[in-house]
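Note: the block below is input27.cif and it holds mmCIF, C-alpha atoms and all ligand atoms.
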```cif
data_entry
#
loop_
_atom_site.label_atom_id
_atom_site.label_comp_id
_atom_site.auth_asym_id
_atom_site.auth_seq_id
_atom_site.Cartn_x
_atom_site.Cartn_y
_atom_site.Cartn_z
CA MET A 1 -22.04 16.55 -67.85
CA ASP A 2 -21.70 14.67 -64.57
CA ASN A 3 -22.00 17.35 -61.91
CA ASN A 4 -20.45 15.13 -59.28
CA LYS A 5 -17.16 15.30 -61.12
CA THR A 6 -17.22 19.11 -61.32
CA GLU A 7 -14.08 20.45 -59.68
CA LEU A 8 -15.32 23.03 -57.19
CA PHE A 9 -11.99 24.40 -56.03
CA ASN A 10 -11.78 28.16 -56.62
CA GLN A 11 -15.56 28.34 -57.07
CA VAL A 12 -16.55 28.41 -53.40
CA GLN A 13 -16.16 31.18 -50.82
CA LEU A 14 -17.16 31.83 -47.25
CA GLY A 15 -19.87 34.41 -47.93
CA TYR A 16 -21.45 35.40 -44.61
CA VAL A 17 -21.75 34.35 -40.98
CA VAL A 18 -24.88 34.39 -38.81
CA VAL A 19 -24.64 34.84 -35.04
CA GLU A 20 -27.50 34.54 -32.56
CA SER A 21 -27.28 36.92 -29.59
CA LYS A 22 -29.43 38.84 -27.16
CA LYS A 23 -26.86 41.65 -27.09
CA LEU A 24 -27.70 43.44 -30.34
CA ALA A 25 -26.81 46.93 -29.08
CA ASP A 26 -23.47 45.67 -27.76
CA TRP A 27 -22.77 43.94 -31.08
CA ARG A 28 -23.52 47.18 -32.92
CA THR A 29 -21.00 49.07 -30.79
CA PHE A 30 -18.42 46.29 -31.13
CA ALA A 31 -18.67 45.90 -34.92
CA GLU A 32 -19.44 49.49 -35.96
CA GLN A 33 -17.37 51.57 -33.57
CA GLY A 34 -14.75 48.90 -32.78
CA LEU A 35 -14.10 46.83 -35.92
CA GLY A 36 -15.23 49.74 -38.08
CA MET A 37 -17.92 47.98 -40.15
CA HIS A 38 -20.88 49.50 -41.99
CA VAL A 39 -24.28 49.04 -40.32
CA ALA A 40 -26.65 47.65 -42.95
CA VAL A 41 -29.64 46.77 -40.77
CA ASP A 42 -30.44 47.78 -37.20
CA SER A 43 -33.79 46.60 -35.79
CA ASP A 44 -34.93 44.89 -32.60
CA LYS A 45 -34.63 41.53 -34.37
CA GLU A 46 -31.34 41.94 -36.19
CA VAL A 47 -28.21 43.99 -36.57
CA SER A 48 -26.20 43.31 -39.73
CA PHE A 49 -23.02 44.64 -41.22
CA ARG A 50 -21.49 45.23 -44.63
CA ILE A 51 -17.76 45.27 -45.34
CA ASP A 52 -18.04 45.51 -49.14
CA ASP A 53 -20.82 45.68 -51.73
CA GLN A 54 -22.48 42.47 -50.51
CA ALA A 55 -25.72 43.36 -48.68
CA LYS A 56 -24.72 41.48 -45.48
CA ARG A 57 -21.54 39.77 -44.32
CA LEU A 58 -21.99 39.59 -40.53
CA ILE A 59 -25.58 39.03 -39.38
CA ILE A 60 -26.50 39.13 -35.70
CA GLN A 61 -30.03 37.84 -35.18
CA HIS A 62 -31.86 38.11 -31.86
CA GLY A 63 -31.84 34.86 -29.90
CA PRO A 64 -30.34 33.05 -26.93
CA ALA A 65 -27.45 31.03 -28.43
CA GLU A 66 -24.61 33.60 -28.08
CA ASP A 67 -22.91 31.60 -30.82
CA VAL A 68 -22.48 31.28 -34.56
CA VAL A 69 -25.59 29.49 -35.83
CA ALA A 70 -25.01 29.46 -39.61
CA VAL A 71 -22.34 29.97 -42.25
CA GLY A 72 -23.20 31.03 -45.79
CA MET A 73 -21.16 29.41 -48.53
CA ALA A 74 -21.13 31.30 -51.83
CA MET A 75 -21.09 29.25 -55.04
CA ALA A 76 -19.65 30.85 -58.16
CA ASN A 77 -22.64 30.00 -60.34
CA ARG A 78 -25.75 27.85 -60.67
CA GLN A 79 -23.77 24.89 -62.03
CA VAL A 80 -21.56 24.81 -58.93
CA LEU A 81 -24.60 25.13 -56.68
CA ASP A 82 -26.31 22.25 -58.50
CA ALA A 83 -23.17 20.13 -58.14
CA VAL A 84 -23.15 20.69 -54.36
CA LEU A 85 -26.88 19.96 -54.06
CA LYS A 86 -26.38 16.77 -56.06
CA ARG A 87 -23.51 15.68 -53.81
CA LEU A 88 -25.69 16.30 -50.73
CA GLU A 89 -28.51 14.26 -52.26
CA LYS A 90 -26.10 11.39 -52.94
CA LEU A 91 -24.91 11.59 -49.32
CA ASP A 92 -28.53 11.38 -48.11
CA VAL A 93 -28.40 14.78 -46.44
CA THR A 94 -31.78 16.47 -46.04
CA VAL A 95 -31.57 19.88 -47.66
CA GLN A 96 -34.26 22.51 -47.50
CA GLN A 97 -34.76 25.51 -49.73
CA GLY A 98 -35.14 28.77 -47.86
CA ASN A 99 -38.14 30.97 -48.61
CA ASP A 100 -38.00 34.62 -49.70
CA ALA A 101 -37.86 35.85 -46.11
CA ASP A 102 -34.91 33.53 -45.39
CA ALA A 103 -33.06 34.81 -48.46
CA GLN A 104 -33.77 38.41 -47.52
CA SER A 105 -32.53 37.84 -43.97
CA ARG A 106 -29.17 36.70 -45.42
CA GLY A 107 -28.91 39.29 -48.17
CA VAL A 108 -28.91 36.69 -50.95
CA LYS A 109 -31.23 35.93 -53.87
CA ALA A 110 -32.00 32.32 -52.84
CA LEU A 111 -30.50 29.76 -50.47
CA TRP A 112 -30.54 26.08 -49.54
CA TYR A 113 -29.66 24.91 -46.04
CA PHE A 114 -28.91 21.79 -44.01
CA LYS A 115 -27.60 20.81 -40.57
CA GLY A 116 -23.82 20.73 -40.83
CA PRO A 117 -20.98 19.66 -38.52
CA LYS A 118 -21.61 20.27 -34.79
CA GLY A 119 -25.16 21.32 -35.70
CA LEU A 120 -23.89 24.44 -37.42
CA GLN A 121 -26.35 25.30 -40.20
CA VAL A 122 -24.60 25.36 -43.57
CA GLU A 123 -26.29 27.54 -46.18
CA VAL A 124 -25.35 27.43 -49.86
CA TYR A 125 -26.25 30.12 -52.37
CA CYS A 126 -25.21 31.69 -55.62
CA GLY A 127 -25.84 35.37 -56.06
CA ALA A 128 -25.76 37.80 -53.18
CA VAL A 129 -27.83 40.96 -53.18
CA ARG A 130 -25.50 43.88 -53.98
CA ASP A 131 -25.70 47.20 -52.21
CA ASP A 132 -24.07 50.08 -54.07
CA ALA A 133 -24.63 52.65 -51.32
CA PRO A 134 -21.23 54.03 -50.23
CA LEU A 135 -19.72 52.31 -47.20
CA ASP A 136 -19.71 54.38 -44.02
CA MET A 137 -16.87 52.78 -42.05
CA LEU A 138 -14.13 53.71 -39.58
CA THR A 139 -11.58 51.80 -41.65
CA SER A 140 -10.09 52.03 -45.14
CA GLY A 141 -11.72 48.69 -45.96
CA PHE A 142 -11.76 44.91 -45.80
CA VAL A 143 -10.26 42.31 -48.11
CA THR A 144 -12.94 40.15 -49.74
CA GLY A 145 -12.99 39.57 -53.54
CA ASN A 146 -12.09 36.06 -54.76
CA GLY A 147 -11.17 34.94 -51.25
CA GLY A 148 -14.55 35.67 -49.65
CA MET A 149 -15.23 37.36 -46.31
CA GLY A 150 -12.57 35.87 -44.02
CA HIS A 151 -12.49 32.60 -42.12
CA VAL A 152 -14.00 30.66 -39.24
CA ALA A 153 -12.13 28.42 -36.80
CA ILE A 154 -14.00 25.39 -35.46
CA THR A 155 -12.98 23.07 -32.63
CA THR A 156 -13.89 19.43 -32.99
CA ARG A 157 -13.47 16.06 -31.31
CA ASN A 158 -13.38 14.42 -34.69
CA PRO A 159 -10.97 16.31 -36.97
CA ASP A 160 -10.95 13.63 -39.69
CA ARG A 161 -14.71 13.83 -40.20
CA MET A 162 -14.70 17.61 -39.87
CA MET A 163 -12.07 17.94 -42.61
CA ALA A 164 -13.73 15.29 -44.77
CA PHE A 165 -16.92 17.36 -44.65
CA TRP A 166 -15.33 20.48 -46.19
CA GLN A 167 -13.11 18.50 -48.54
CA SER A 168 -15.66 16.12 -49.99
CA LEU A 169 -18.49 18.64 -50.28
CA PHE A 170 -16.61 21.72 -51.50
CA ASP A 171 -13.25 20.31 -52.70
CA ALA A 172 -11.34 22.23 -50.01
CA ARG A 173 -7.57 21.81 -50.10
CA LEU A 174 -5.14 21.42 -47.22
CA SER A 175 -2.92 24.51 -46.81
CA ASP A 176 -0.88 23.50 -43.75
CA SER A 177 -1.11 22.65 -40.06
CA ILE A 178 0.14 23.96 -36.73
CA ARG A 179 0.67 22.25 -33.38
CA GLU A 180 0.22 24.52 -30.37
CA THR A 181 0.29 23.84 -26.64
CA ILE A 182 -1.95 26.05 -24.50
CA ALA A 183 -2.00 25.52 -20.73
CA GLY A 184 -0.80 21.95 -21.09
CA ILE A 185 -3.34 21.05 -23.80
CA THR A 186 -1.91 20.18 -27.22
CA LEU A 187 -3.99 21.45 -30.12
CA ASP A 188 -3.58 20.46 -33.76
CA ILE A 189 -4.93 23.10 -36.11
CA THR A 190 -5.46 22.32 -39.79
CA PHE A 191 -6.03 25.03 -42.38
CA LEU A 192 -8.32 24.47 -45.38
CA ARG A 193 -8.77 26.67 -48.44
CA PHE A 194 -11.50 26.89 -51.09
CA ASN A 195 -9.69 29.45 -53.24
CA GLU A 196 -6.64 31.75 -53.15
CA ARG A 197 -7.32 32.71 -49.51
CA HIS A 198 -4.88 30.68 -47.38
CA HIS A 199 -7.75 29.38 -45.28
CA SER A 200 -11.48 29.91 -44.98
CA ILE A 201 -11.90 27.12 -42.41
CA ALA A 202 -9.49 26.23 -39.60
CA VAL A 203 -10.13 22.97 -37.74
CA ALA A 204 -8.73 22.69 -34.20
CA ALA A 205 -8.61 19.44 -32.22
CA THR A 206 -7.00 18.31 -28.99
CA GLN A 207 -4.86 15.21 -28.97
CA GLU A 208 -6.05 12.21 -26.92
CA PRO A 209 -8.36 12.46 -25.11
CA ASN A 210 -10.44 14.24 -27.78
CA LEU A 211 -12.05 17.10 -25.90
CA ASP A 212 -13.89 20.12 -27.20
CA PRO A 213 -12.72 22.87 -24.86
CA ILE A 214 -14.95 25.57 -26.37
CA ARG A 215 -18.56 26.38 -25.40
CA THR A 216 -19.41 27.79 -28.82
CA ARG A 217 -19.52 25.94 -32.14
CA VAL A 218 -17.07 28.41 -33.63
CA GLN A 219 -13.91 29.44 -31.75
CA HIS A 220 -13.40 32.60 -33.80
CA ILE A 221 -14.52 34.46 -36.90
CA SER A 222 -11.87 36.41 -38.78
CA PHE A 223 -11.96 39.42 -41.07
CA LEU A 224 -9.08 40.82 -43.12
CA SER A 225 -8.40 44.56 -43.12
CA ASN A 226 -6.78 46.44 -45.97
CA SER A 227 -3.76 47.56 -43.94
CA LEU A 228 -1.79 47.33 -40.71
CA ASP A 229 -2.96 50.86 -39.97
CA ASP A 230 -6.58 49.61 -40.03
CA VAL A 231 -5.71 46.75 -37.66
CA GLY A 232 -3.93 49.11 -35.24
CA SER A 233 -6.78 51.64 -35.32
CA ALA A 234 -9.42 48.96 -34.65
CA PHE A 235 -7.27 47.56 -31.81
CA ARG A 236 -7.11 51.00 -30.15
CA ARG A 237 -10.83 51.67 -30.68
CA LEU A 238 -11.89 48.31 -29.19
CA LYS A 239 -9.61 48.79 -26.19
CA SER A 240 -10.92 52.29 -25.53
CA LEU A 241 -14.51 50.97 -25.80
CA GLY A 242 -13.61 48.49 -23.03
CA TYR A 243 -13.53 45.24 -25.03
CA GLU A 244 -11.03 42.64 -23.85
CA MET A 245 -8.33 41.27 -26.09
CA ALA A 246 -8.19 37.48 -25.93
CA HIS A 247 -4.87 37.85 -27.79
CA GLU A 248 -3.13 41.13 -28.51
CA VAL A 249 -1.37 41.82 -31.81
CA GLY A 250 0.86 39.06 -33.17
CA GLN A 251 1.76 37.18 -36.35
CA HIS A 252 0.91 33.67 -37.54
CA PRO A 253 3.75 31.59 -39.04
CA ASN A 254 1.84 30.03 -41.94
CA ASP A 255 -0.10 32.76 -43.75
CA LYS A 256 2.05 35.52 -42.15
CA GLU A 257 -1.13 37.38 -41.12
CA ILE A 258 -0.70 40.07 -38.46
CA SER A 259 -3.80 40.11 -36.25
CA PHE A 260 -5.43 40.46 -32.86
CA TYR A 261 -8.34 38.60 -31.26
CA ALA A 262 -11.02 40.54 -29.36
CA LEU A 263 -13.68 38.94 -27.19
CA SER A 264 -17.02 39.59 -28.90
CA PRO A 265 -20.19 40.40 -26.92
CA SER A 266 -21.21 36.71 -27.31
CA GLY A 267 -17.98 35.46 -25.74
CA PHE A 268 -16.30 33.86 -28.76
CA GLU A 269 -13.42 35.66 -30.44
CA ILE A 270 -13.25 37.92 -33.48
CA GLU A 271 -9.88 38.08 -35.21
CA LEU A 272 -8.99 41.13 -37.26
CA GLY A 273 -5.85 40.92 -39.37
CA CYS A 274 -4.00 42.07 -42.45
CA ASP A 275 -1.26 41.09 -44.88
CA ALA A 276 -2.23 37.42 -45.10
CA LEU A 277 -0.56 35.80 -48.08
CA THR A 278 -2.56 34.22 -50.89
CA VAL A 279 -1.78 30.74 -52.17
CA ASN A 280 -0.13 30.18 -55.53
CA GLU A 281 -1.40 26.72 -56.56
CA GLU A 282 1.64 26.12 -58.78
CA SER A 283 4.26 26.48 -56.07
CA TRP A 284 2.43 25.89 -52.76
CA GLN A 285 4.00 23.37 -50.36
CA VAL A 286 2.09 21.96 -47.39
CA ASN A 287 4.11 22.66 -44.24
CA HIS A 288 3.73 21.81 -40.58
CA TYR A 289 4.54 24.46 -37.96
CA GLN A 290 5.16 24.38 -34.22
CA GLY A 291 3.42 27.25 -32.43
CA ILE A 292 0.49 29.38 -33.60
CA SER A 293 2.43 32.67 -33.44
CA LEU A 294 5.81 33.88 -34.69
CA TRP A 295 5.53 36.69 -32.13
CA GLY A 296 2.88 38.36 -29.97
CA HIS A 297 -0.75 37.17 -29.58
CA LYS A 298 -0.32 37.37 -25.80
CA PRO A 299 -3.52 37.38 -23.73
CA GLN A 300 -4.42 40.78 -22.32
CA LYS A 301 -5.20 39.29 -18.92
CA THR A 302 -2.36 37.17 -17.63
CA GLY A 303 -3.17 36.98 -13.91
CA LEU A 304 -3.69 33.70 -12.05
CA ILE A 305 -7.42 34.32 -11.58
CA SER A 306 -8.17 34.86 -15.27
CA PHE A 307 -5.97 31.85 -16.14
CA LEU A 308 -7.88 29.64 -13.71
CA SER A 309 -11.31 30.96 -14.67
CA LEU A 310 -10.63 30.50 -18.42
CA ASN A 311 -8.89 27.13 -18.21
CA GLY A 312 -11.11 25.82 -15.42
CA ALA A 313 -14.16 26.61 -17.56
CA ASN A 314 -12.49 25.02 -20.57
CA LEU A 315 -11.68 21.87 -18.63
CA ILE A 316 -15.27 21.53 -17.42
CA GLN A 317 -16.58 22.13 -20.94
CA GLY A 318 -14.05 19.61 -22.27
CA LEU A 319 -15.19 16.89 -19.87
CA ARG A 320 -18.82 17.71 -20.64
CA SER A 321 -18.14 17.31 -24.37
CA LEU A 322 -17.20 13.66 -23.79
CA ARG A 323 -20.82 12.90 -22.89
CA HIS A 324 -22.18 13.98 -26.28
CA LYS A 325 -21.53 12.65 -29.71
CA GLU A 326 -20.60 15.37 -32.17
CA PHE A 327 -23.07 15.65 -35.05
CA PHE A 328 -21.95 15.20 -38.66
CA PRO A 329 -24.31 15.13 -41.64
CA PHE A 330 -22.15 12.44 -43.30
FE FE A 401 -7.75 32.86 -37.48
#
```
Show me, as C-alpha cells, the structure contained in the file I just sent.
Ligand SMILES: [Fe+2]
Amino acid sequence: MDNNKTELFNQVQLGYVVVESKKLADWRTFAEQGLGMHVAVDSDKEVSFRIDDQAKRLIIQHGPAEDVVAVGMAMANRQVLDAVLKRLEKLDVTVQQGNDADAQSRGVKALWYFKGPKGLQVEVYCGAVRDDAPLDMLTSGFVTGNGGMGHVAITTRNPDRMMAFWQSLFDARLSDSIRETIAGITLDITFLRFNERHHSIAVAATQEPNLDPIRTRVQHISFLSNSLDDVGSAFRRLKSLGYEMAHEVGQHPNDKEISFYALSPSGFEIELGCDALTVNEESWQVNHYQGISLWGHKPQKTGLISFLSLNGANLIQGLRSLRHKEFFPF
C-alpha cells in the first residue's frame, strides 16, 4: 500500500500543547483554580495538567519563552504515523525521534518531532500514556474524544503556506472563514479541521501589508468545557483570582461556540468555551462570515490607555515582523 495516498482526515487530532514559562506557580493557579484542570505533575521544572484520561494535555515547562513551543499531533495508529513520516521525508523535512525522556515529558509512548511553521515544534505520536486515576477538577469536565483537546490559533504573514502546511501534511479540511476588523486592522481568519471538531487550527492573517501583530507564535489555545455552567464558573473563578479577560463571554458565528478569553500568565490568551457544533461531512457547507462574534467578546479593559498600550505594542511588533522571514518547513 502506498502510504502517501493514505487519507488522513479523521485520523489526526490535536493531542497536547507545550508552553515554556518562568511562571510555573502562576500557571498552576491559573489552570487548576481558574480553568479547573487536574494537576498531573508539579515540580520546579514542569507543571502539567490533565483534562481527561490522557496523562498530559497542557504542559508548562520551565524556560524563558513565555510562549507555546510545541504542539503534539495524535495519529490514530502506526500506519497513519508512518504515512506522515513518509510525507515529511518526501518533503525533505528533518525529523528526529524523541528519546524516552522526551516521550515521558509529553505523556506519550514515543514521538517524532521537527521544526514547524514559525519555528513552532510539531510533534507527532500515536499512543498516549493513559492515566486512570480519577480527575480532581473544579469543573464537570472537558470535551475531548474524537475531536482532540481543543484548538490553537496562529497568526501568520503567509496564510497560504500556513494552511498548505496543515492541509498537505495532515489532510486538514477548510471549515469556513471570518473577516474581522480590530482597531482599523483587517484580519482574515481561516478555520481548519482534522476530524469532527469544527477547527483544531485557526490561521489569522492581516491584509496588505502582511504584519504579524502578535509577540507569541500562538495567539490563543482553546479548551472546550462540558457545559455553559462550567464556562460561567471558570469565568467567575478567574476574575476573582485577578486574571484579566482579553474578551468576556460571547459567541462565534461559525461553530456557535460560547466562550471567553483570559490572559494567561505568559501573556497569550486561553479561550474556554462550550457548545461548539461538530461537522457533518455529508452536509457541511463552507461559509464566509463578517465579524468574529455574534454577540459579546468585549475586552474587559476598554479605556484609552489600555487601547493604546495594546495596539501600540501590536503596531510595533507588526512593523518588527516585516524584518524577519517567517519560517516554514516546506
Ligand atoms: Fe478560538
Distance query Met163 of chain A at most 10 Å, all atoms listed in the file, self and fewer than 3 positions along chain excluded, as an NGL selection string: :A and (117 or 156 or 158-160 or 166-168 or 172-174 or 190-192 or 201-203)
Would you mind listing the residues within 8 Å of ligand FE 401 (chain A), counting all atoms listed in the file, as a tab-separated table (two decimals) with C-alpha atoms, in the frame of the given file?
```tsv
chain	number	residue	atom	x	y	z
A	151	HIS	CA	-12.49	32.60	-42.12
A	152	VAL	CA	-14.00	30.66	-39.24
A	153	ALA	CA	-12.13	28.42	-36.80
A	202	ALA	CA	-9.49	26.23	-39.60
A	220	HIS	CA	-13.40	32.60	-33.80
A	221	ILE	CA	-14.52	34.46	-36.90
A	222	SER	CA	-11.87	36.41	-38.78
A	271	GLU	CA	-9.88	38.08	-35.21
```
Residue nearest Cys126 of chain A among A:Ser140, A:Thr181, A:Gln11, A:Gly63 (counting all atoms listed in the file): A:Gln11
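Interatomic distance, atom CA of Gly72 of chain A to atom CA of Pro134 of chain A: 23.5 Å.
All residues of protein, DNA or RNA that reach within 7 Å of Ser293 of chain A, judged by all atoms listed in the file and not counting those fewer than 2 positions away in the chain, are Gly250, Gln251, His252, Pro253, Gly291, Trp295, Gly296 and His297 of chain A.
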Any chance you could work out the axis-aligned box around segment 236-252 of chain A, listed atoms only, 3 Å on each side, giving centre and edge lengths in Å to one decimal, as AutoDock Vina command-line options?
```
--center_x -6.4 --center_y 43.0 --center_z -30.3 --size_x 22.3 --size_y 24.6 --size_z 20.5
```
10 Å contact set for Val84 of chain A, only C-alpha atoms, chain neighbours under 6 positions out, as a ChimeraX atom specification: /A:3-4,6,8,75,78,90,124,168-170
Saved selection, atoms kept: C-alpha atoms, as a CSV table (one decimal), in the frame of the given file:
```
chain,number,residue,atom,x,y,z
A,3,ASN,CA,-22.0,17.4,-61.9
A,4,ASN,CA,-20.4,15.1,-59.3
A,6,THR,CA,-17.2,19.1,-61.3
A,8,LEU,CA,-15.3,23.0,-57.2
A,75,MET,CA,-21.1,29.2,-55.0
A,78,ARG,CA,-25.8,27.8,-60.7
A,90,LYS,CA,-26.1,11.4,-52.9
A,124,VAL,CA,-25.4,27.4,-49.9
A,168,SER,CA,-15.7,16.1,-50.0
A,169,LEU,CA,-18.5,18.6,-50.3
A,170,PHE,CA,-16.6,21.7,-51.5
```
Residues within 12 Å of (-15.2, 50.6, -22.2), file coords, all atoms listed in the file, listed as a ChimeraX atom specification: /A:26,29-30,33-34,236-244
Nearest to Ile189 of chain A by atom-to-atom distance, counting all atoms listed in the file, from A:Ser177, A:His62, A:Ala55, A:Lys109: A:Ser177
Local residues around (-23.6, 10.9, -42.7), at most 9 Å away, using all atoms listed in the file, as a VMD selection string: chain A and resid 91 to 93 328 to 330
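Among the candidate residues A:Asn226, A:Ser43, A:Gln219, A:Gln61, the one lying nearest to Asp275 of chain A is A:Asn226, with distances computed using all atoms listed in the file.
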Residue nearest Ala128 of chain A among A:Ala25, A:Leu81, A:Ala40, A:Ala74 (counting all atoms listed in the file): A:Ala74
9 Å contact set for segment 48-51 of chain A, all atoms listed in the file, chain neighbours under 6 positions out, as a list in words: Arg28, Ala31, Glu32, Gly36, Met37, His38, Val39, Ala40, Val41, Asp42, Arg57, Leu58, Ile59, Ile60, Gln61, Asp131, Leu135, Met137, Gly141, Phe142, Val143, Thr144 and Met149 of chain A
